[in-house]
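Enquirer: Here it is: the structure, laid out below.
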Amino acid sequence: MAFGWIDEQASARRRAGLVRTLRPRPAHSPLLDLASNDYLGLARHPEITEGAAEAARRWGGGATGSRLVTGTTELHAELERELADFCGFEAALVFSSGYAANLAAVTALAPHGSLIVSDAGNHASLIDGCRLARGTTQVVAHADPEAVRKALGTGGGVPAVAVSDTVFSVDGDAAPLAGLAAVCREYGAGLIVDDAHGLGVLGDGGRGVPQAAGLAGDPDVVVTVTLSKSLGSQGGAVLGPAHVIDHLVNAARTFIFDTGLAPAATGAALAALRLLRREPERAARARAVARELHTRLTASGHEAVRPDAAVVSVRAPSPDQAVRWAADCRAAGLAVGCFRPPSVPDGISRLRLTARADLTQGQIDRAVGIIGDTRP
């Protein structure tokens, strides 16, 4: 029977406790949100929603075409200029998602015959970029510049890039970016990093991990970001030297053939970026909330990973217990993330908490209490 294998895989997932289901949320949820990636609490900020509404009124509901046809508005160009300036890069290019931005950066910058060195903890979008690229990929140990050095040493002088998240989405730990850059420069390799979880949280006023590491604007560094986390909108971007961005315009398939980012999302991201410039303290507040969550949870006996940004990972005994723990938290009024295989590269299931700059002390107290009370 056609697609009969799907039922077999579904049964295997049920036996392993790995079934995923969609859970539509209402417009106004009573749950305390520690599950979304709205790190700065901007997704519902009136300036950001008005930025989206005004863009939709002026430019329409959709981009109407690919960026190279009709999908580039003056608003897109404005966002690209301000995003590049804020993060310290020469140029930027906006995509319909952070996923599309990562696919573009890796596939367009790793031509046939090149070597790609990829961190074992990288996000699925970077992994898929490596799979689609025409180069040869070597996966190396997590956050290990020496492993990257050894891999680059096997390249035999071919063009090479190292690919890494700046802040890893599962445990929230930061990559040793300065060390990675130094190793890449020994071999004349480029460095592509995904700053999805760093923008808005780390760096001077939220300017990101590359800026904090002193790499912003360097000619051998390319950065991807998402507009859907700290900026409370949707979409993604690639930042880097102008000639690299020009190359993506001409060679990146997820740019050439994809419909442009909707004006509403573009307007919301631009409004959020401008608000962050005015209120840089939001970045420090998100980090402070993450540290407090970690300190209090570990003090009460939970196994939690020390956060380098705004993600706090709390380990669960098993996939089934992680699901039950998250469900019990929800029943008690707290939304938390639940990461299980295959989303976690080490096979260890976790609750994933996201700190938000707009959480009050009372909300932090409540979250810590619920997580403790529902612990399996």
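Residue numbers start at 1 in each chain; chains themselves are named A, B, ... in the order of the structure tokens; ligands are numbered from 1 in the order shown.
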Contacts of range 298-304 of chain A at 7 Å or less, counting only C-alpha atoms, minus same-chain residues fewer than 2 places along, as a ChimeraX atom specification?
Expert: /A:294-296,306,312-315
Enquirer: Next, write the just-selected residues to a file, as an mmCIF file, in the first residue's frame, keeping all heavy atoms as the atom set.
Expert:
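The result, written out as result32.cif:
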```
data_model
loop_
_atom_site.group_PDB
_atom_site.id
_atom_site.type_symbol
_atom_site.label_atom_id
_atom_site.label_comp_id
_atom_site.auth_asym_id
_atom_site.auth_seq_id
_atom_site.Cartn_x
_atom_site.Cartn_y
_atom_site.Cartn_z
ATOM 1 N N HIS A 294 18.239 29.724 36.598
ATOM 2 C CA HIS A 294 19.230 28.658 36.744
ATOM 3 C C HIS A 294 19.665 28.514 38.199
ATOM 4 O O HIS A 294 19.720 27.398 38.739
ATOM 5 C CB HIS A 294 20.442 28.954 35.857
ATOM 6 C CG HIS A 294 21.580 28.009 36.085
ATOM 7 N ND1 HIS A 294 22.668 28.333 36.867
ATOM 8 C CD2 HIS A 294 21.802 26.738 35.641
ATOM 9 C CE1 HIS A 294 23.509 27.324 36.892
ATOM 10 N NE2 HIS A 294 23.016 26.350 36.160
ATOM 11 N N THR A 295 19.975 29.620 38.852
ATOM 12 C CA THR A 295 20.452 29.570 40.232
ATOM 13 C C THR A 295 19.418 28.939 41.155
ATOM 14 O O THR A 295 19.738 28.070 41.980
ATOM 15 C CB THR A 295 20.798 30.988 40.718
ATOM 16 O OG1 THR A 295 21.858 31.512 39.913
ATOM 17 C CG2 THR A 295 21.231 30.973 42.172
ATOM 18 N N ARG A 296 18.189 29.345 41.015
ATOM 19 C CA ARG A 296 17.150 28.847 41.912
ATOM 20 C C ARG A 296 16.774 27.400 41.619
ATOM 21 O O ARG A 296 16.489 26.619 42.532
ATOM 22 C CB ARG A 296 15.935 29.766 41.845
ATOM 23 C CG ARG A 296 16.241 31.159 42.384
ATOM 24 C CD ARG A 296 15.058 32.081 42.329
ATOM 25 N NE ARG A 296 13.921 31.571 43.102
ATOM 26 C CZ ARG A 296 12.765 32.205 43.203
ATOM 27 N NH1 ARG A 296 12.594 33.378 42.597
ATOM 28 N NH2 ARG A 296 11.776 31.685 43.908
ATOM 29 N N ARG A 306 24.105 25.812 32.954
ATOM 30 C CA ARG A 306 24.328 27.232 33.161
ATOM 31 C C ARG A 306 24.090 27.992 31.859
ATOM 32 O O ARG A 306 24.689 27.682 30.835
ATOM 33 C CB ARG A 306 25.765 27.487 33.636
ATOM 34 C CG ARG A 306 26.088 28.961 33.892
ATOM 35 C CD ARG A 306 27.546 29.136 34.262
ATOM 36 N NE ARG A 306 28.431 28.716 33.193
ATOM 37 C CZ ARG A 306 28.765 29.460 32.147
ATOM 38 N NH1 ARG A 306 28.269 30.682 32.030
ATOM 39 N NH2 ARG A 306 29.579 29.002 31.220
ATOM 40 N N VAL A 312 17.418 28.277 29.365
ATOM 41 C CA VAL A 312 17.753 27.476 30.541
ATOM 42 C C VAL A 312 17.243 26.063 30.301
ATOM 43 O O VAL A 312 16.045 25.849 30.130
ATOM 44 C CB VAL A 312 17.128 28.051 31.821
ATOM 45 C CG1 VAL A 312 17.529 27.210 33.033
ATOM 46 C CG2 VAL A 312 17.551 29.504 32.028
ATOM 47 N N SER A 313 18.154 25.105 30.269
ATOM 48 C CA SER A 313 17.822 23.715 29.976
ATOM 49 C C SER A 313 17.816 22.909 31.270
ATOM 50 O O SER A 313 18.792 22.916 32.021
ATOM 51 C CB SER A 313 18.855 23.142 29.000
ATOM 52 O OG SER A 313 18.671 21.768 28.814
ATOM 53 N N VAL A 314 16.699 22.211 31.533
ATOM 54 C CA VAL A 314 16.538 21.401 32.741
ATOM 55 C C VAL A 314 16.342 19.949 32.316
ATOM 56 O O VAL A 314 15.380 19.632 31.617
ATOM 57 C CB VAL A 314 15.329 21.872 33.579
ATOM 58 C CG1 VAL A 314 15.251 21.074 34.877
ATOM 59 C CG2 VAL A 314 15.425 23.361 33.868
ATOM 60 N N ARG A 315 17.215 19.090 32.735
ATOM 61 C CA ARG A 315 17.190 17.715 32.256
ATOM 62 C C ARG A 315 16.069 16.911 32.906
ATOM 63 O O ARG A 315 15.762 17.076 34.082
ATOM 64 C CB ARG A 315 18.542 17.051 32.486
ATOM 65 C CG ARG A 315 19.635 17.733 31.678
ATOM 66 C CD ARG A 315 20.876 16.901 31.552
ATOM 67 N NE ARG A 315 21.799 17.524 30.590
ATOM 68 C CZ ARG A 315 22.927 16.969 30.170
ATOM 69 N NH1 ARG A 315 23.272 15.776 30.612
ATOM 70 N NH2 ARG A 315 23.687 17.590 29.301
#
```
Enquirer: Set the distance at 10 Å and use only C-alpha atoms: which residues neighbour range 33-40 of chain A once local chain neighbours fewer than 4 positions away are removed? I'd like the list as a PyMOL selection string.
Expert: chain A and resi 29+44-45+196-197+199-201+206+228-233+272+276+281-287+309-312+330+333-338+351-359+363-364+367
Enquirer: Between CA of Asp373 in chain A and CA of Ser318 in chain A, what distance in Å does the model show, to one decimal?
Expert: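 Pair CA of Asp373 in chain A / CA of Ser318 in chain A returns 17.9 Å.
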Enquirer: As a PyMOL selection string, please: every residue in range 176-224 of chain A that a backbone DSSP assignment puts in strand (DSSP E).
Expert: chain A and resi 190-194+221-224
Enquirer: Give me a file of those residues, with all heavy atoms, as a CSV table (one decimal), in the first residue's frame.
Expert:
```
chain,number,residue,atom,x,y,z
A,190,GLY,N,36.6,30.4,5.9
A,190,GLY,CA,35.5,31.4,6.3
A,190,GLY,C,34.8,30.8,7.6
A,190,GLY,O,34.9,29.6,7.9
A,191,LEU,N,34.1,31.7,8.3
A,191,LEU,CA,33.4,31.3,9.4
A,191,LEU,C,31.9,31.8,9.3
A,191,LEU,O,31.7,33.0,9.1
A,191,LEU,CB,34.0,31.9,10.7
A,191,LEU,CG,33.2,31.6,12.0
A,191,LEU,CD1,33.2,30.1,12.3
A,191,LEU,CD2,33.9,32.4,13.2
A,192,ILE,N,31.0,30.8,9.3
A,192,ILE,CA,29.6,31.1,9.2
A,192,ILE,C,28.9,30.8,10.5
A,192,ILE,O,29.0,29.6,11.0
A,192,ILE,CB,28.9,30.3,8.1
A,192,ILE,CG1,29.5,30.6,6.7
A,192,ILE,CG2,27.4,30.6,8.0
A,192,ILE,CD1,29.0,29.6,5.6
A,193,VAL,N,28.3,31.7,11.2
A,193,VAL,CA,27.7,31.5,12.5
A,193,VAL,C,26.3,32.0,12.5
A,193,VAL,O,25.9,33.0,11.9
A,193,VAL,CB,28.5,32.2,13.6
A,193,VAL,CG1,29.9,31.5,13.8
A,193,VAL,CG2,28.6,33.7,13.4
A,194,ASP,N,25.4,31.2,13.2
A,194,ASP,CA,24.0,31.5,13.3
A,194,ASP,C,23.8,32.1,14.7
A,194,ASP,O,23.9,31.5,15.7
A,194,ASP,CB,23.2,30.2,13.2
A,194,ASP,CG,21.7,30.4,13.4
A,194,ASP,OD1,21.3,31.5,13.6
A,194,ASP,OD2,21.0,29.4,13.4
A,221,VAL,N,34.0,36.6,8.2
A,221,VAL,CA,32.9,36.2,9.0
A,221,VAL,C,31.5,36.5,8.4
A,221,VAL,O,31.3,37.7,8.0
A,221,VAL,CB,33.0,36.8,10.4
A,221,VAL,CG1,31.8,36.5,11.3
A,221,VAL,CG2,34.3,36.4,11.1
A,222,VAL,N,30.7,35.6,8.4
A,222,VAL,CA,29.3,35.7,7.9
A,222,VAL,C,28.3,35.3,9.0
A,222,VAL,O,28.6,34.2,9.6
A,222,VAL,CB,29.0,34.9,6.6
A,222,VAL,CG1,27.5,35.0,6.2
A,222,VAL,CG2,29.9,35.5,5.5
A,223,VAL,N,27.3,36.1,9.3
A,223,VAL,CA,26.4,35.8,10.4
A,223,VAL,C,25.0,35.7,9.9
A,223,VAL,O,24.6,36.5,9.0
A,223,VAL,CB,26.5,36.9,11.4
A,223,VAL,CG1,25.5,36.7,12.6
A,223,VAL,CG2,27.9,37.0,12.0
A,224,THR,N,24.3,34.7,10.3
A,224,THR,CA,22.8,34.7,10.1
A,224,THR,C,22.1,35.0,11.4
A,224,THR,O,22.6,34.7,12.5
A,224,THR,CB,22.4,33.3,9.6
A,224,THR,OG1,22.6,32.3,10.6
A,224,THR,CG2,23.2,32.9,8.3
```
Enquirer: List the neighbours of Ala251 in chain A out to 7 Å using only C-alpha atoms; skip same-chain residues closer than 3 positions along the sequence, and give me the result as a ChimeraX atom specification.
Expert: /A:108,247-248
Enquirer: When distances are computed from only C-alpha atoms, which of A:Ala141, A:Val244, A:Ala271, A:Leu103 shows the smallest separation from Leu75 in chain A?
Expert: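 Of A:Ala141, A:Val244, A:Ala271, A:Leu103, the one nearest Leu75 in chain A, counting only C-alpha atoms, is A:Ala271.
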Enquirer: Counting only C-alpha atoms, figure out which residue out of A:Val225, A:Val139, A:Ala322, A:Ala120 gets nearest to Val209 in chain A.
Expert: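 Answer, going by the shortest atom-to-atom distance: A:Val225.
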Enquirer: Under the rule that only C-alpha atoms are counted, which of A:Ser349, A:Gln361, A:Glu78, A:Ala181 is the nearest residue to Trp325 in chain A?
Expert: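 For Trp325 in chain A, the nearest of the given residues is A:Ser349.
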Enquirer: I'd like to know which residues of range 79-207 of chain A are helix (DSSP H, G or I) (by DSSP, run on the backbone); could you write them as an MDAnalysis selection string?
Expert: chainID A and resid 79:87 98:109 124:132 145:152 177:186 204:206
Enquirer: Smallest atom-to-atom distance to Leu270 in chain A: which of A:Glu82, A:Glu74, A:Glu8, A:Asp144, using only C-alpha atoms?
Expert: A:Glu82
Enquirer: Just how far from CA of Gly60 in chain A is CA of His28 in chain A, in Å to one decimal?
Expert: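 Result for CA of His28 in chain A versus CA of Gly60 in chain A: 25.7 Å, one decimal.
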Enquirer: Please report the interatomic distance between CA of Val167 in chain A and CA of Ala265 in chain A in Å with one decimal.
Expert: 23.7 Å
Enquirer: Closest to Arg278 in chain A among A:Gly205, A:Pro319, A:Gly214, A:Pro341, using only C-alpha atoms?
Expert: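 Looking only at the distances to Arg278 in chain A, the closest residue turns out to be A:Gly205.
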Enquirer: Would you mind listing what lies within 10 Å of Ala143 in chain A as a list in words, with only C-alpha atoms counted and same-chain residues fewer than 3 positions away left out?
Expert: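 The residues that qualify are Asp119, Ala120, Gly121, Asn122, Val140, Glu146, Ala147, Val148, Ser164, Asp165, Thr166, Phe168, Asp173, Ala174, Ala175, Pro176, Leu177, Gly179 and Leu180 of chain A.
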Enquirer: Tell me, as a list in words, which residues lie within 10 Å of Arg375 in chain A, counting only C-alpha atoms; anything in the same chain fewer than 5 positions away does not count.
Expert: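 The filter keeps His302, Ala316, Gln321, Ala322, Arg324, Trp325, Ala326, Asp328, Cys329 and Ile370 of chain A.
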Enquirer: Based on the selection just made, write N, CA, C and O atoms of those residues as a PDB file, in the first residue's frame.
Expert:
```pdb
ATOM      1  N   HIS A 302      17.494  20.581  40.860  1.00  0.00           N
ATOM      2  CA  HIS A 302      17.326  20.276  39.445  1.00  0.00           C
ATOM      3  C   HIS A 302      18.685  20.271  38.744  1.00  0.00           C
ATOM      4  O   HIS A 302      19.595  21.027  39.115  1.00  0.00           O
ATOM      5  N   ALA A 316      15.493  16.024  32.102  1.00  0.00           N
ATOM      6  CA  ALA A 316      14.417  15.142  32.544  1.00  0.00           C
ATOM      7  C   ALA A 316      14.901  13.697  32.499  1.00  0.00           C
ATOM      8  O   ALA A 316      15.815  13.361  31.750  1.00  0.00           O
ATOM      9  N   GLN A 321       8.815  10.999  30.631  1.00  0.00           N
ATOM     10  CA  GLN A 321       8.705  11.837  31.822  1.00  0.00           C
ATOM     11  C   GLN A 321       8.860  13.316  31.474  1.00  0.00           C
ATOM     12  O   GLN A 321       8.248  14.169  32.124  1.00  0.00           O
ATOM     13  N   ALA A 322       9.645  13.611  30.454  1.00  0.00           N
ATOM     14  CA  ALA A 322       9.755  15.001  30.009  1.00  0.00           C
ATOM     15  C   ALA A 322       8.416  15.503  29.496  1.00  0.00           C
ATOM     16  O   ALA A 322       7.978  16.616  29.815  1.00  0.00           O
ATOM     17  N   ARG A 324       5.435  14.288  30.248  1.00  0.00           N
ATOM     18  CA  ARG A 324       4.503  14.384  31.371  1.00  0.00           C
ATOM     19  C   ARG A 324       4.803  15.613  32.235  1.00  0.00           C
ATOM     20  O   ARG A 324       3.890  16.303  32.708  1.00  0.00           O
ATOM     21  N   TRP A 325       6.084  15.895  32.443  1.00  0.00           N
ATOM     22  CA  TRP A 325       6.489  17.055  33.240  1.00  0.00           C
ATOM     23  C   TRP A 325       5.997  18.353  32.580  1.00  0.00           C
ATOM     24  O   TRP A 325       5.424  19.222  33.231  1.00  0.00           O
ATOM     25  N   ALA A 326       6.221  18.453  31.281  1.00  0.00           N
ATOM     26  CA  ALA A 326       5.762  19.648  30.569  1.00  0.00           C
ATOM     27  C   ALA A 326       4.246  19.767  30.619  1.00  0.00           C
ATOM     28  O   ALA A 326       3.697  20.871  30.773  1.00  0.00           O
ATOM     29  N   ASP A 328       2.265  18.570  32.973  1.00  0.00           N
ATOM     30  CA  ASP A 328       1.878  18.938  34.338  1.00  0.00           C
ATOM     31  C   ASP A 328       2.138  20.424  34.597  1.00  0.00           C
ATOM     32  O   ASP A 328       1.353  21.089  35.290  1.00  0.00           O
ATOM     33  N   CYS A 329       3.229  20.941  34.045  1.00  0.00           N
ATOM     34  CA  CYS A 329       3.493  22.385  34.152  1.00  0.00           C
ATOM     35  C   CYS A 329       2.366  23.169  33.480  1.00  0.00           C
ATOM     36  O   CYS A 329       1.861  24.166  34.038  1.00  0.00           O
ATOM     37  N   ILE A 370       6.262  26.082  40.227  1.00  0.00           N
ATOM     38  CA  ILE A 370       5.543  25.068  39.427  1.00  0.00           C
ATOM     39  C   ILE A 370       6.492  23.977  38.938  1.00  0.00           C
ATOM     40  O   ILE A 370       6.156  22.790  38.977  1.00  0.00           O
TER      41      ILE A 370
END
```
Enquirer: If we count only C-alpha atoms and set the cut-off at 6 Å, which residues sit around Ala52 in chain A, ignoring sequence neighbours fewer than 4 positions away in its own chain? Please answer as a PDB file with N, CA and C atoms, in the first residue's frame.
Expert:
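This is the output file out-v2.pdb:
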```pdb
ATOM      1  N   ALA A 264       4.288  43.114   6.731  1.00  0.00           N
ATOM      2  CA  ALA A 264       3.959  43.233   8.155  1.00  0.00           C
ATOM      3  C   ALA A 264       5.110  42.739   9.023  1.00  0.00           C
ATOM      4  N   ALA A 265       5.708  41.599   8.674  1.00  0.00           N
ATOM      5  CA  ALA A 265       6.835  41.076   9.445  1.00  0.00           C
ATOM      6  C   ALA A 265       8.051  41.987   9.320  1.00  0.00           C
ATOM      7  N   GLY A 267       7.988  45.276   8.805  1.00  0.00           N
ATOM      8  CA  GLY A 267       7.720  46.457   9.610  1.00  0.00           C
ATOM      9  C   GLY A 267       7.840  46.194  11.095  1.00  0.00           C
ATOM     10  N   ALA A 268       7.383  45.020  11.537  1.00  0.00           N
ATOM     11  CA  ALA A 268       7.493  44.669  12.953  1.00  0.00           C
ATOM     12  C   ALA A 268       8.950  44.534  13.359  1.00  0.00           C
TER      13      ALA A 268
END
```
